[in-house]
Amino acid sequence: MAKKGDWVQIHNIVLKPEERSESLPEDTKVNPLEMWVKGHLTSDAEIGDEVEVITRTGRKATGKLVKVNPYFEHNFGVFVPEILEIDDMVRKLTFGGED
């Protein structure tokens, strides 16, 4: 359960594929135009409910509640040992050694 004022993320379909411009590339126009917005919830709700949020800029937006207290989940991938070897090579070429 999310409470009024909680920081949340909502999702909304802005345009269905059939509503999108014909001038778009084929691989783009076959997908819906989607919107994800973060903001403060204006009333108590549960995940999946249609809600309204107020963004950091004061804009109101509506959509389906998908996350409470969202955070960045991206990363730079798994460890790649070859990157350390490249670093060693660059240091040697640039600075003339391991120092």
# chains A, B, ... in the order shown; residues from 1 in each chain; ligands from 1
call {"tool": "select_by_dssp", "arguments": {"residues": "chain A", "states": "alpha helix (DSSP H)", "output": "PyMOL selection string"}}
result
chain A and resi 26-29+81-95
call {"tool": "residues_around", "arguments": {"residues": "A:Glu50", "least_positions_apart": "5", "cutoff": "10 Å", "atoms": "only C-alpha atoms", "output": "number ranges by chain"}}
result
A: 10-12, 45, 62-66
call {"tool": "write_last_selection", "arguments": {"atoms": "C-alpha atoms", "output": "mmCIF file, in the first residue's frame"}}
result
data_model
loop_
_atom_site.group_PDB
_atom_site.id
_atom_site.type_symbol
_atom_site.label_atom_id
_atom_site.label_comp_id
_atom_site.auth_asym_id
_atom_site.auth_seq_id
_atom_site.Cartn_x
_atom_site.Cartn_y
_atom_site.Cartn_z
ATOM 1 C CA ILE A 10 3.640 5.551 -12.730
ATOM 2 C CA HIS A 11 3.279 4.146 -16.244
ATOM 3 C CA ASN A 12 0.941 5.193 -19.022
ATOM 4 C CA ALA A 45 -3.234 3.566 -3.567
ATOM 5 C CA THR A 62 -1.869 10.170 -14.178
ATOM 6 C CA GLY A 63 -1.078 6.537 -14.818
ATOM 7 C CA LYS A 64 -0.870 3.076 -13.331
ATOM 8 C CA LEU A 65 1.119 2.867 -10.098
ATOM 9 C CA VAL A 66 4.094 0.565 -10.755
#
call {"tool": "select_by_dssp", "arguments": {"residues": "chain A", "states": "strand (DSSP E or B)", "output": "PyMOL selection string"}}
result
chain A and resi 2+7-15+33-41+45+50-54+60-68
call {"tool": "write_last_selection", "arguments": {"atoms": "C-alpha atoms", "output": "PDB file, in the first residue's frame"}}
result
ATOM      1  CA  ALA A   2       1.351   3.425  -0.965  1.00  0.00           C
ATOM      2  CA  TRP A   7       7.563   9.003  -3.978  1.00  0.00           C
ATOM      3  CA  VAL A   8       6.302   6.659  -6.701  1.00  0.00           C
ATOM      4  CA  GLN A   9       6.594   5.786 -10.366  1.00  0.00           C
ATOM      5  CA  ILE A  10       3.640   5.551 -12.730  1.00  0.00           C
ATOM      6  CA  HIS A  11       3.279   4.146 -16.244  1.00  0.00           C
ATOM      7  CA  ASN A  12       0.941   5.193 -19.022  1.00  0.00           C
ATOM      8  CA  ILE A  13       0.401   4.324 -22.688  1.00  0.00           C
ATOM      9  CA  VAL A  14       0.430   7.675 -24.486  1.00  0.00           C
ATOM     10  CA  LEU A  15      -0.287   6.306 -27.972  1.00  0.00           C
ATOM     11  CA  LEU A  33       4.525   5.199 -27.027  1.00  0.00           C
ATOM     12  CA  GLU A  34       4.931   4.738 -23.285  1.00  0.00           C
ATOM     13  CA  MET A  35       5.496   7.175 -20.443  1.00  0.00           C
ATOM     14  CA  TRP A  36       7.060   6.566 -17.040  1.00  0.00           C
ATOM     15  CA  VAL A  37       6.857   9.408 -14.530  1.00  0.00           C
ATOM     16  CA  LYS A  38       8.030   9.778 -10.939  1.00  0.00           C
ATOM     17  CA  GLY A  39       6.278  11.991  -8.444  1.00  0.00           C
ATOM     18  CA  HIS A  40       4.500  12.328  -5.126  1.00  0.00           C
ATOM     19  CA  LEU A  41       1.252  10.391  -4.834  1.00  0.00           C
ATOM     20  CA  ALA A  45      -3.234   3.566  -3.567  1.00  0.00           C
ATOM     21  CA  GLU A  50      -4.783   4.369 -11.627  1.00  0.00           C
ATOM     22  CA  VAL A  51      -3.320   7.312  -9.699  1.00  0.00           C
ATOM     23  CA  GLU A  52      -2.279  10.939  -9.918  1.00  0.00           C
ATOM     24  CA  VAL A  53       1.171  12.215  -8.998  1.00  0.00           C
ATOM     25  CA  ILE A  54       2.740  15.635  -8.712  1.00  0.00           C
ATOM     26  CA  LYS A  60       0.280  16.608 -12.502  1.00  0.00           C
ATOM     27  CA  ALA A  61       0.325  13.251 -14.288  1.00  0.00           C
ATOM     28  CA  THR A  62      -1.869  10.170 -14.178  1.00  0.00           C
ATOM     29  CA  GLY A  63      -1.078   6.537 -14.818  1.00  0.00           C
ATOM     30  CA  LYS A  64      -0.870   3.076 -13.331  1.00  0.00           C
ATOM     31  CA  LEU A  65       1.119   2.867 -10.098  1.00  0.00           C
ATOM     32  CA  VAL A  66       4.094   0.565 -10.755  1.00  0.00           C
ATOM     33  CA  LYS A  67       6.673   1.274  -8.005  1.00  0.00           C
ATOM     34  CA  VAL A  68       6.926   2.844  -4.576  1.00  0.00           C
TER      35      VAL A  68
END
call {"tool": "closest_residue", "arguments": {"among": "A:Arg20, A:Phe95, A:Thr55, A:Asn69", "to": "A:Lys3", "atoms": "only C-alpha atoms"}}
result
A:Asn69
call {"tool": "atom_distance", "arguments": {"atom1": "atom CA of A:Asp49", "atom2": "atom CA of A:Pro70"}}
result
16.3 Å
call {"tool": "atom_distance", "arguments": {"atom1": "atom CA of A:Arg91", "atom2": "atom CA of A:Asn75"}}
result
24.9 Å
